[in-house]
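Here is protein_33.cif, consisting of mmCIF, C-alpha atoms:
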```
data_start
#
loop_
_atom_site.label_atom_id
_atom_site.label_comp_id
_atom_site.auth_asym_id
_atom_site.auth_seq_id
_atom_site.Cartn_x
_atom_site.Cartn_y
_atom_site.Cartn_z
CA MET U 10 -38.12 -12.95 14.61
CA SER U 11 -41.09 -10.65 14.92
CA THR U 12 -44.14 -11.77 16.82
CA ASP U 13 -46.16 -8.72 15.79
CA PRO U 14 -49.00 -8.99 13.32
CA ASP U 15 -47.81 -9.34 9.75
CA PRO U 16 -46.76 -5.99 8.34
CA PRO U 17 -48.01 -5.47 4.80
CA ALA U 18 -45.57 -6.30 2.03
CA THR U 19 -45.97 -2.78 0.69
CA LEU U 20 -44.68 -1.33 3.95
CA ILE U 21 -41.65 -3.61 3.86
CA GLU U 22 -40.87 -2.53 0.32
CA GLN U 23 -41.41 1.13 1.10
CA VAL U 24 -39.04 1.01 4.04
CA ALA U 25 -36.45 -0.93 2.04
CA GLU U 26 -36.68 1.66 -0.72
CA LEU U 27 -36.27 4.51 1.75
CA ASP U 28 -33.14 2.80 3.08
CA ALA U 29 -31.84 2.84 -0.48
CA GLY U 30 -32.72 6.49 -1.01
CA LEU U 31 -35.76 5.79 -3.15
CA VAL U 32 -39.28 7.12 -2.93
CA ASP U 33 -41.97 5.42 -4.97
CA GLY U 34 -39.32 3.50 -6.81
CA GLN U 35 -37.43 6.60 -7.90
CA GLU U 36 -34.19 8.08 -6.64
CA ALA U 37 -35.06 10.90 -4.30
CA GLY U 38 -33.29 13.61 -2.36
CA ALA U 39 -32.81 13.57 1.39
CA ALA U 40 -35.78 15.86 1.96
CA ALA U 41 -38.15 13.59 0.07
CA VAL U 42 -36.85 10.56 1.93
CA LEU U 43 -37.31 12.27 5.27
CA ALA U 44 -40.80 13.37 4.34
CA ARG U 45 -41.78 9.82 3.46
CA ARG U 46 -40.23 8.51 6.66
CA SER U 47 -42.39 10.94 8.59
CA GLU U 48 -45.46 9.73 6.75
CA LEU U 49 -44.67 6.16 7.69
CA ALA U 50 -43.75 6.88 11.29
CA ALA U 51 -47.18 6.00 12.59
CA GLU U 52 -47.49 2.74 10.65
CA PRO U 53 -47.98 -0.21 12.96
CA GLY U 54 -45.15 -2.68 12.70
CA LEU U 55 -42.69 -0.14 11.36
CA ALA U 56 -40.08 -0.87 14.00
CA ALA U 57 -40.24 -4.58 13.25
CA VAL U 58 -39.79 -3.90 9.55
CA VAL U 59 -36.77 -1.69 10.16
CA ASP U 60 -35.22 -4.32 12.43
CA ALA U 61 -35.94 -7.11 9.97
CA LEU U 62 -34.34 -5.28 7.06
CA ALA U 63 -31.29 -4.52 9.17
CA ALA U 64 -31.02 -8.16 10.18
CA THR U 65 -31.36 -9.25 6.56
CA ARG U 66 -28.66 -6.90 5.44
CA ALA U 67 -26.36 -8.07 8.24
CA GLU U 68 -26.93 -11.72 7.36
CA LEU U 69 -26.10 -11.13 3.72
CA ALA U 70 -22.95 -9.23 4.59
CA ALA U 71 -21.87 -11.89 7.08
CA GLN U 72 -21.92 -14.75 4.60
CA PRO U 73 -18.37 -16.12 4.38
CA PRO U 74 -16.70 -16.38 1.00
CA VAL U 75 -16.99 -19.75 -0.70
CA PRO U 76 -13.40 -20.90 -1.22
CA LEU U 77 -12.53 -21.59 -4.83
CA PRO U 78 -11.67 -25.30 -5.02
CA ALA U 79 -8.13 -25.93 -6.22
CA SER U 80 -9.41 -28.34 -8.84
CA THR U 81 -11.67 -25.64 -10.26
CA ALA U 82 -8.83 -23.12 -10.35
CA ASP U 83 -6.70 -25.71 -12.15
CA ARG U 84 -9.41 -26.23 -14.76
CA TRP U 85 -9.60 -22.51 -15.41
CA SER U 86 -5.83 -22.30 -15.82
CA ALA U 87 -5.85 -25.24 -18.21
CA LEU U 88 -8.66 -23.63 -20.17
CA ILE U 89 -6.71 -20.38 -20.50
CA ASP U 90 -3.61 -22.26 -21.62
CA GLY U 91 -5.67 -24.05 -24.21
CA LEU U 92 -7.19 -20.81 -25.45
CA HIS U 93 -3.72 -19.37 -25.94
CA GLU U 94 -2.70 -22.40 -27.95
CA LEU U 95 -5.79 -22.20 -30.10
CA ALA U 96 -5.40 -18.48 -30.71
CA GLU U 97 -1.84 -18.94 -31.87
CA GLU U 98 -2.68 -21.57 -34.40
CA GLN U 99 -3.75 -20.92 -37.92
CA PRO U 100 -7.00 -22.70 -38.60
CA VAL U 101 -7.26 -21.56 -42.18
CA GLY U 102 -6.78 -24.43 -44.53
CA ILE U 103 -6.45 -27.06 -41.86
CA ASP U 104 -7.47 -30.39 -43.23
CA PRO U 105 -8.70 -33.31 -41.21
CA ALA U 106 -5.16 -34.58 -41.01
CA PRO U 107 -4.41 -37.88 -39.38
CA ARG U 108 -3.55 -37.54 -35.73
CA TRP U 109 0.07 -38.46 -36.17
CA ARG U 110 0.61 -35.48 -38.41
CA LEU U 111 -0.65 -32.97 -35.90
CA PRO U 112 1.95 -30.74 -34.33
CA VAL U 113 3.11 -31.57 -30.86
CA ALA U 114 1.61 -28.31 -29.62
CA VAL U 115 -1.83 -29.36 -30.74
CA ALA U 116 -1.52 -32.63 -28.89
CA ALA U 117 -0.50 -30.66 -25.81
CA VAL U 118 -3.56 -28.46 -26.18
CA ALA U 119 -5.76 -31.46 -26.52
CA ALA U 120 -4.23 -32.89 -23.37
CA ALA U 121 -4.78 -29.64 -21.49
CA LEU U 122 -8.36 -29.46 -22.63
CA ILE U 123 -8.96 -33.01 -21.60
CA VAL U 124 -8.11 -31.81 -18.11
CA VAL U 125 -10.61 -29.02 -18.60
CA ALA U 126 -13.20 -31.49 -19.69
CA ALA U 127 -12.60 -33.82 -16.78
CA GLY U 128 -15.97 -34.67 -15.41
CA VAL U 129 -17.38 -34.50 -18.85
CA ALA U 130 -15.23 -37.54 -19.53
CA ALA U 131 -14.78 -36.34 -23.05
CA LEU U 132 -12.19 -38.54 -24.62
CA SER U 133 -12.06 -41.43 -22.25
CA ALA U 134 -15.76 -42.09 -22.14
CA PRO U 135 -17.42 -44.82 -24.12
CA ALA U 136 -18.98 -43.94 -27.44
CA ARG U 137 -21.35 -40.96 -27.53
CA PRO U 138 -20.72 -39.00 -24.36
CA THR U 139 -23.64 -36.83 -23.40
CA VAL U 140 -23.04 -33.15 -24.10
CA THR U 141 -25.20 -30.31 -22.86
CA GLY U 142 -25.34 -26.83 -24.23
CA THR U 143 -23.31 -25.56 -21.33
CA GLN U 144 -20.55 -28.03 -21.98
CA LEU U 145 -20.47 -27.39 -25.68
CA VAL U 146 -17.50 -25.05 -25.77
CA ARG U 147 -15.30 -27.27 -23.68
CA GLU U 148 -16.38 -30.40 -25.48
CA ALA U 149 -15.88 -28.78 -28.86
CA LEU U 150 -12.39 -27.66 -27.92
CA ALA U 151 -11.60 -31.16 -26.74
CA THR U 152 -12.48 -32.60 -30.15
CA ARG U 153 -9.36 -31.15 -31.70
CA ALA U 154 -7.33 -34.05 -33.04
CA VAL U 155 -10.39 -36.31 -32.87
CA TYR U 156 -12.14 -37.22 -36.12
CA ASP U 157 -14.92 -39.55 -35.08
CA THR U 158 -17.54 -37.92 -37.26
CA GLY U 159 -19.22 -40.91 -38.87
CA GLU U 160 -20.70 -40.21 -42.26
CA LEU U 161 -19.75 -36.54 -41.91
CA ALA U 162 -16.09 -37.50 -42.27
CA ASP U 163 -16.77 -37.45 -46.00
CA PRO U 164 -16.21 -33.81 -47.08
CA ALA U 165 -18.89 -33.98 -49.77
CA ARG U 166 -21.47 -35.44 -47.41
CA ARG U 167 -20.50 -32.94 -44.72
CA ALA U 168 -20.86 -30.01 -47.12
CA GLU U 169 -24.24 -31.28 -48.27
CA CYS U 170 -25.38 -31.70 -44.69
CA LEU U 171 -24.15 -28.29 -43.52
CA ALA U 172 -25.78 -26.60 -46.48
CA ALA U 173 -29.06 -28.31 -45.62
CA VAL U 174 -29.28 -27.71 -41.88
CA ALA U 175 -26.76 -25.01 -40.97
CA PRO U 176 -27.19 -22.08 -43.33
CA GLY U 177 -24.97 -19.85 -41.22
CA VAL U 178 -21.98 -22.13 -41.68
CA ARG U 179 -19.81 -22.40 -44.76
CA PRO U 180 -20.45 -25.86 -46.22
CA ASP U 181 -16.76 -26.19 -47.01
CA ALA U 182 -15.58 -25.00 -43.59
CA PRO U 183 -12.46 -26.93 -42.63
CA LEU U 184 -13.05 -29.69 -40.12
CA ILE U 185 -10.91 -29.19 -37.03
CA GLY U 186 -12.36 -32.15 -35.13
CA GLY U 187 -15.52 -33.90 -34.19
CA ARG U 188 -17.10 -36.78 -32.35
CA GLN U 189 -20.28 -38.74 -31.91
CA VAL U 190 -22.28 -37.47 -28.94
CA ARG U 191 -25.71 -37.46 -27.36
CA PHE U 192 -27.33 -34.04 -27.13
CA ASP U 193 -30.75 -33.40 -25.63
CA GLY U 194 -31.23 -37.15 -25.60
CA ARG U 195 -30.56 -37.46 -29.31
CA SER U 196 -27.73 -39.15 -31.15
CA ALA U 197 -25.72 -36.48 -32.89
CA THR U 198 -22.35 -35.43 -34.23
CA LEU U 199 -20.40 -32.53 -32.76
CA LEU U 200 -18.23 -30.75 -35.31
CA LEU U 201 -15.58 -28.12 -34.64
CA LEU U 202 -15.16 -26.11 -37.84
CA GLY U 203 -12.72 -23.43 -38.90
CA THR U 204 -14.07 -20.03 -39.82
CA GLY U 205 -11.15 -18.66 -41.80
CA GLN U 206 -10.30 -16.29 -38.95
CA LEU U 207 -7.37 -16.87 -36.67
CA GLY U 208 -8.39 -18.64 -33.51
CA GLN U 209 -12.10 -18.49 -34.31
CA PHE U 210 -14.13 -21.66 -34.70
CA THR U 211 -17.73 -22.71 -34.97
CA ALA U 212 -19.14 -25.68 -33.10
CA VAL U 213 -22.25 -27.35 -34.44
CA VAL U 214 -24.20 -30.34 -33.20
CA ILE U 215 -26.09 -32.12 -35.95
CA GLU U 216 -28.65 -34.81 -35.32
CA GLU U 217 -27.84 -38.24 -36.64
CA GLY U 218 -28.82 -38.62 -40.26
CA CYS U 219 -28.38 -34.88 -40.75
CA SER U 220 -32.01 -34.34 -39.89
CA ALA U 221 -31.56 -31.18 -37.84
CA LEU U 222 -29.09 -28.66 -36.43
CA LEU U 223 -29.39 -29.10 -32.67
CA THR U 224 -27.16 -26.20 -31.66
CA GLN U 225 -24.45 -23.90 -32.98
CA ARG U 226 -21.90 -21.82 -31.10
CA ASP U 227 -18.93 -19.61 -31.87
CA VAL U 228 -15.72 -20.83 -30.22
CA PRO U 229 -14.20 -19.05 -28.45
CA MET D 5 13.41 -2.51 -4.89
CA THR D 6 10.50 -4.68 -5.92
CA GLN D 7 8.46 -3.72 -8.93
CA PRO D 8 4.87 -2.71 -8.19
CA ALA D 9 2.33 -5.24 -9.38
CA PRO D 10 0.93 -4.40 -12.79
CA THR D 11 -2.50 -2.87 -12.82
CA ASP D 12 -5.44 -4.64 -14.42
CA ALA D 13 -5.22 -2.21 -17.32
CA GLU D 14 -1.53 -2.97 -17.77
CA LEU D 15 -2.21 -6.70 -17.75
CA MET D 16 -4.93 -6.25 -20.34
CA ALA D 17 -2.64 -4.17 -22.52
CA ALA D 18 0.07 -6.81 -22.18
CA HIS D 19 -2.40 -9.51 -23.16
CA GLN D 20 -3.50 -7.53 -26.18
CA ALA D 21 0.17 -7.15 -27.12
CA GLY D 22 0.66 -10.89 -27.06
CA ASP D 23 1.97 -11.55 -23.56
CA ARG D 24 0.90 -15.11 -22.86
CA THR D 25 1.00 -14.77 -19.10
CA ALA D 26 -1.02 -11.58 -18.71
CA PHE D 27 -4.55 -12.91 -19.14
CA GLY D 28 -3.94 -15.71 -16.67
CA LEU D 29 -2.53 -13.26 -14.14
CA LEU D 30 -5.53 -11.03 -14.60
CA VAL D 31 -7.94 -13.90 -14.03
CA ASN D 32 -6.00 -15.21 -11.06
CA ARG D 33 -6.19 -11.82 -9.44
CA HIS D 34 -9.97 -11.83 -9.60
CA ARG D 35 -10.78 -15.52 -9.55
CA GLN D 36 -11.94 -15.82 -5.93
CA LYS D 37 -14.37 -12.94 -6.30
CA LEU D 38 -15.52 -14.14 -9.71
CA TRP D 39 -16.19 -17.48 -8.08
CA ASN D 40 -18.05 -15.85 -5.19
CA VAL D 41 -20.32 -13.98 -7.56
CA ALA D 42 -21.01 -17.03 -9.68
CA VAL D 43 -21.54 -19.56 -6.92
CA ARG D 44 -23.71 -17.21 -4.87
CA THR D 45 -25.76 -16.21 -7.85
CA LEU D 46 -26.24 -19.71 -9.20
CA GLY D 47 -26.26 -21.49 -5.82
CA ASN D 48 -24.34 -24.43 -7.22
CA PRO D 49 -20.60 -24.98 -7.68
CA GLY D 50 -20.99 -27.01 -10.86
CA ASP D 51 -23.01 -24.31 -12.54
CA ALA D 52 -20.69 -21.63 -11.23
CA ASP D 53 -17.69 -23.46 -12.67
CA ASP D 54 -19.39 -23.81 -16.04
CA ALA D 55 -20.52 -20.19 -16.07
CA VAL D 56 -17.07 -18.84 -15.23
CA GLN D 57 -15.44 -21.06 -17.85
CA GLU D 58 -17.91 -19.81 -20.45
CA ALA D 59 -17.14 -16.28 -19.32
CA LEU D 60 -13.38 -16.84 -19.57
CA VAL D 61 -13.74 -18.08 -23.11
CA ALA D 62 -15.85 -15.03 -23.94
CA ALA D 63 -13.45 -12.64 -22.20
CA PHE D 64 -10.45 -14.13 -23.95
CA SER D 65 -12.25 -13.83 -27.25
CA ARG D 66 -13.35 -10.23 -26.68
CA ALA D 67 -10.19 -8.93 -25.05
CA GLY D 68 -8.89 -7.64 -28.37
CA SER D 69 -11.81 -5.29 -28.65
CA PHE D 70 -11.55 -3.98 -25.09
CA HIS D 71 -10.85 -0.27 -25.36
CA GLY D 72 -10.86 0.77 -21.73
CA ARG D 73 -14.25 2.44 -21.64
CA SER D 74 -14.77 0.71 -18.31
CA GLU D 75 -12.42 -0.71 -15.71
CA VAL D 76 -10.97 -4.06 -16.69
CA GLY D 77 -12.32 -5.62 -13.52
CA THR D 78 -15.79 -4.26 -14.17
CA TRP D 79 -15.65 -5.61 -17.71
CA LEU D 80 -14.59 -9.04 -16.48
CA TYR D 81 -17.30 -9.23 -13.80
CA ARG D 82 -19.89 -8.08 -16.33
CA ILE D 83 -19.02 -11.02 -18.56
CA VAL D 84 -19.27 -13.45 -15.64
CA VAL D 85 -22.54 -11.95 -14.45
CA ASN D 86 -23.97 -12.17 -17.94
CA ALA D 87 -22.94 -15.82 -18.16
CA CYS D 88 -24.76 -16.43 -14.88
CA ILE D 89 -27.83 -14.54 -16.05
CA ASP D 90 -27.83 -16.48 -19.28
CA ARG D 91 -27.79 -19.77 -17.41
CA MET D 92 -30.60 -18.74 -15.06
CA ARG D 93 -32.82 -17.24 -17.74
CA HIS D 94 -32.47 -20.38 -19.81
CA ASP D 95 -33.08 -22.54 -16.77
CA ARG D 96 -29.81 -24.30 -17.21
CA ILE D 97 -28.98 -24.64 -13.55
CA ARG D 98 -28.77 -27.70 -11.40
CA ARG D 99 -31.05 -27.66 -8.41
CA THR D 100 -29.94 -30.28 -5.95
CA VAL D 101 -26.19 -30.02 -5.51
CA PRO D 102 -25.29 -28.14 -2.36
CA LEU D 103 -22.71 -25.42 -2.08
CA PRO D 104 -19.32 -26.66 -1.00
CA ASP D 105 -18.36 -26.23 2.59
CA SER D 106 -17.37 -22.61 2.87
CA GLU D 107 -15.93 -22.72 6.35
CA PRO D 108 -12.67 -20.87 6.07
CA ALA D 109 -9.72 -21.93 8.14
CA GLY D 110 -9.63 -19.64 11.14
CA PRO D 111 -11.00 -19.11 14.58
CA ARG D 112 -13.65 -21.49 15.78
CA ARG D 113 -17.20 -20.28 15.36
CA ALA D 114 -19.53 -20.07 18.30
CA ASP D 115 -22.15 -22.32 16.77
CA PRO D 116 -21.09 -23.83 13.46
CA VAL D 117 -24.33 -25.78 13.08
CA ALA D 118 -26.40 -22.64 13.41
CA GLU D 119 -24.12 -20.79 11.02
CA LEU D 120 -24.36 -23.56 8.46
CA ALA D 121 -28.15 -23.49 8.79
CA THR D 122 -28.17 -19.75 8.27
CA ARG D 123 -25.94 -20.05 5.25
CA MET D 124 -28.24 -22.63 3.71
CA GLU D 125 -31.27 -20.51 4.49
CA VAL D 126 -29.71 -17.50 2.82
CA ARG D 127 -28.77 -19.57 -0.22
CA ASP D 128 -32.27 -21.00 -0.51
CA ALA D 129 -33.88 -17.62 0.03
CA LEU D 130 -31.69 -16.03 -2.64
CA ALA D 131 -32.66 -18.81 -5.02
CA ALA D 132 -36.31 -17.85 -4.54
CA LEU D 133 -35.71 -14.32 -5.79
CA SER D 134 -35.87 -13.14 -9.36
CA VAL D 135 -32.63 -13.15 -11.33
CA ASP D 136 -32.39 -9.35 -11.24
CA HIS D 137 -33.00 -9.03 -7.52
CA ARG D 138 -30.62 -11.85 -6.68
CA ILE D 139 -27.68 -10.56 -8.68
CA ALA D 140 -28.08 -7.03 -7.38
CA LEU D 141 -28.04 -8.30 -3.80
CA VAL D 142 -25.06 -10.57 -4.42
CA LEU D 143 -23.02 -7.74 -5.91
CA VAL D 144 -23.93 -4.97 -3.49
CA GLU D 145 -24.84 -6.59 -0.20
CA MET D 146 -22.68 -9.71 -0.29
CA GLU D 147 -19.67 -8.80 -2.42
CA GLY D 148 -19.50 -5.19 -1.36
CA TRP D 149 -19.58 -3.48 -4.75
CA SER D 150 -20.75 0.11 -4.73
CA VAL D 151 -24.08 0.84 -6.33
CA ALA D 152 -22.28 2.76 -9.07
CA ASP D 153 -19.93 -0.14 -9.86
CA ALA D 154 -22.75 -2.67 -9.72
CA ALA D 155 -24.69 -0.48 -12.14
CA GLN D 156 -21.76 -0.59 -14.54
CA ILE D 157 -21.44 -4.35 -14.22
CA LEU D 158 -25.16 -4.83 -14.81
CA ASP D 159 -25.32 -2.07 -17.42
CA VAL D 160 -28.29 -0.39 -15.74
CA ARG D 161 -28.83 2.92 -13.96
CA PRO D 162 -27.77 3.21 -10.31
CA GLY D 163 -31.38 3.80 -9.35
CA THR D 164 -32.28 0.46 -10.87
CA VAL D 165 -29.65 -1.27 -8.75
CA LYS D 166 -31.01 0.45 -5.65
CA SER D 167 -34.54 -0.56 -6.51
CA ARG D 168 -33.58 -4.16 -7.17
CA CYS D 169 -31.65 -4.36 -3.92
CA ALA D 170 -34.51 -2.83 -1.95
CA ARG D 171 -37.15 -5.11 -3.40
CA GLY D 172 -34.94 -8.14 -3.07
CA LYS D 173 -34.15 -7.32 0.53
CA ALA D 174 -37.80 -6.83 1.34
CA LYS D 175 -38.57 -10.29 0.00
CA LEU D 176 -35.58 -11.82 1.76
CA ALA D 177 -36.63 -10.35 5.09
CA VAL D 178 -39.79 -12.41 4.86
CA LEU D 179 -38.15 -15.50 3.36
CA LEU D 180 -35.53 -15.56 6.11
CA GLY D 181 -38.22 -15.40 8.75
CA HIS D 182 -37.44 -11.96 10.06
CA LEU D 183 -40.96 -10.93 9.17
CA ARG D 184 -44.08 -12.70 8.31
CA GLY D 185 -45.98 -11.53 5.27
CA GLU D 186 -46.03 -12.09 1.57
CA ALA D 187 -42.64 -12.47 -0.03
#
```
Can the structure in the file be given as structure tokens, please?
Amino acid sequence: MSTDPDPPATLIEQVAELDAGLVDGQEAGAAAVLARRSELAAEPGLAAVVDALAATRAELAAQPPVPLPASTADRWSALIDGLHELAEEQPVGIDPAPRWRLPVAVAAVAAALIVVAAGVAALSAPARPTVTGTQLVREALATRAVYDTGELADPARRAECLAAVAPGVRPDAPLIGGRQVRFDGRSATLLLLGTGQLGQFTAVVIEEGCSALLTQRDVP
Amino acid sequence: MTQPAPTDAELMAAHQAGDRTAFGLLVNRHRQKLWNVAVRTLGNPGDADDAVQEALVAAFSRAGSFHGRSEVGTWLYRIVVNACIDRMRHDRIRRTVPLPDSEPAGPRRADPVAELATRMEVRDALAALSVDHRIALVLVEMEGWSVADAAQILDVRPGTVKSRCARGKAKLAVLLGHLRGEA
């Protein structure tokens, strides 16, 4: 560490830029870089700045890789498997069929996505698991074959609600799945809706009582 | 004679043609480096996991419209980087969970305590930088991407990458205690 007086921040930036081939923030040729280096040669503290930047660069480069945990790699693989399953299915015209009528493949996807959602505790958690925006895609995918949508299980009520709070969503969009959740601290219902396009879904989170659309996301 | 491993472009083409194994193989090939970028950028394994999963969903969804205007790897990293940027810009990152132990199996280090301290200092110092400076440094200085490739991933000019790296490094030099002065 330097014990010299503090070099000005501008000098540190100027030297760092010169190291990158920049002069005054712009890409510059070798001659311009050399000329600026000459101008700075008499600056007090220059040697310390050069050494400090070199040490910083060396420290960054020496950082070891962070091993990918096996459990994380497994989640990614399960997610990809689930995406393949979803893409191969035909969402058009899917009705909120009872679980026992769902194809075996769908149950397998749901199982795989439960693995993905481990930690979110999607299906095994008590009523209303908390969902954040970042978890929305995974949680929405995990709602396939789940129809815990409260009053929105009624197609007429659901259409009325979607028309009122989610103008970008077809009110009669087929329900692929849904569950009661908490989102941003509010009680809400997460719906996974078909879009009429193969493998494309829309996830919406609607506040209890259909008072507001809390979030909406295309899936995948 | 063993078959040469398919290229990234061949795996992408196979995926687009309906090969169910190709996308997974493509991701597996890059997953450690995707993880490095995400965990170093976000400073948190939980956020990195979420960001990469979001990116995988996006990549899977957009693969059909990939036309090879960039390298497949560059395209994939761009999606992951954008997922990381999105999380940081929307302040959706956790702040207190440490990075996992990154000690690789291998020769003993001279001073593991000092190395761990340095690693934590670097992580904390990176976290103090702006999103743009941090990602540029992660890609170029830590992950070894060329400026040109990093520019493609970030969709900016090479000069912008250089500038972000330079400014970020200048701040880090102070934050890491190599210089006193205003970071």
At a cut-off of 8 Å, list the chain U residues touching chain D, using only C-alpha atoms, as an MDAnalysis selection string.
-> chainID U and resid 10:11 14:18 21:22 25:26 28:31 34:36 57:58 61:62 64:66 68:77 81:82 85:86 88:89 92:93 143:144 146 228:229
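Each of D:Ala9, D:Leu30, D:Leu46, D:Ala21 was checked against D:Asp128 using all atoms listed in the file; the smallest atom-to-atom distance is that of D:Leu46.
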Since I can't run it myself right now, could you work out what the PyMOL selection byres ((chain U and resi 184) around 6) selects here and report it as a short mmCIF file (atom, residue, chain, number, x, y, z; two decimals) with C-alpha atoms, in the frame of the given file?
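The result, stored in out-v5.cif:
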```cif
data_model
loop_
_atom_site.label_atom_id
_atom_site.label_comp_id
_atom_site.auth_asym_id
_atom_site.auth_seq_id
_atom_site.Cartn_x
_atom_site.Cartn_y
_atom_site.Cartn_z
CA PRO U 105 -8.70 -33.31 -41.21
CA PRO U 183 -12.46 -26.93 -42.63
CA ILE U 185 -10.91 -29.19 -37.03
CA GLY U 186 -12.36 -32.15 -35.13
CA LEU U 202 -15.16 -26.11 -37.84
#
```
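The closest residue to U:Arg153, picked from U:Glu94, U:Glu217, U:Asp33, U:Asp193 and counting all atoms listed in the file, is U:Glu94.
Considering only C-alpha atoms, the residue among D:Met92, D:Ala17, D:Trp149, D:Ser134 positioned nearest to D:Thr78 is D:Trp149.
Taking atom CA of U:Val24 and atom CA of U:Val59 as endpoints, the distance between them is 7.1 Å.
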Atom pair atom CA of U:Val178 / atom CA of U:Gly91: separation (Å) = 24.0 Å
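Between D:Val85 and the residues D:Ala13, D:Val135, D:Leu158, D:Ala129, the shortest atom-to-atom distance, using only C-alpha atoms, involves D:Leu158.
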Looking at D:Gly68, D:Asp153, D:Leu133, D:Arg161, which one is nearest to D:Ala18, with distances taken over all atoms listed in the file?
-> D:Gly68
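Here atom CA of U:Arg188 and atom CA of U:Glu97 stand 23.5 Å from one another.
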Polymer residues at most 9 Å from U:Glu216, all atoms listed in the file, same-chain spacing of 4 or more positions, as a PyMOL selection string = chain U and resi 191-192+195-199+220-223
Compile the contact shell of U:Arg166 as JSON, numbers by chain: residues with an atom at most 12 Å away, counting all atoms listed in the file, same-chain residues fewer than 5 positions apart removed.
-> {"U": [158, 159, 160, 161, 171, 172, 173, 180, 181, 218, 219]}
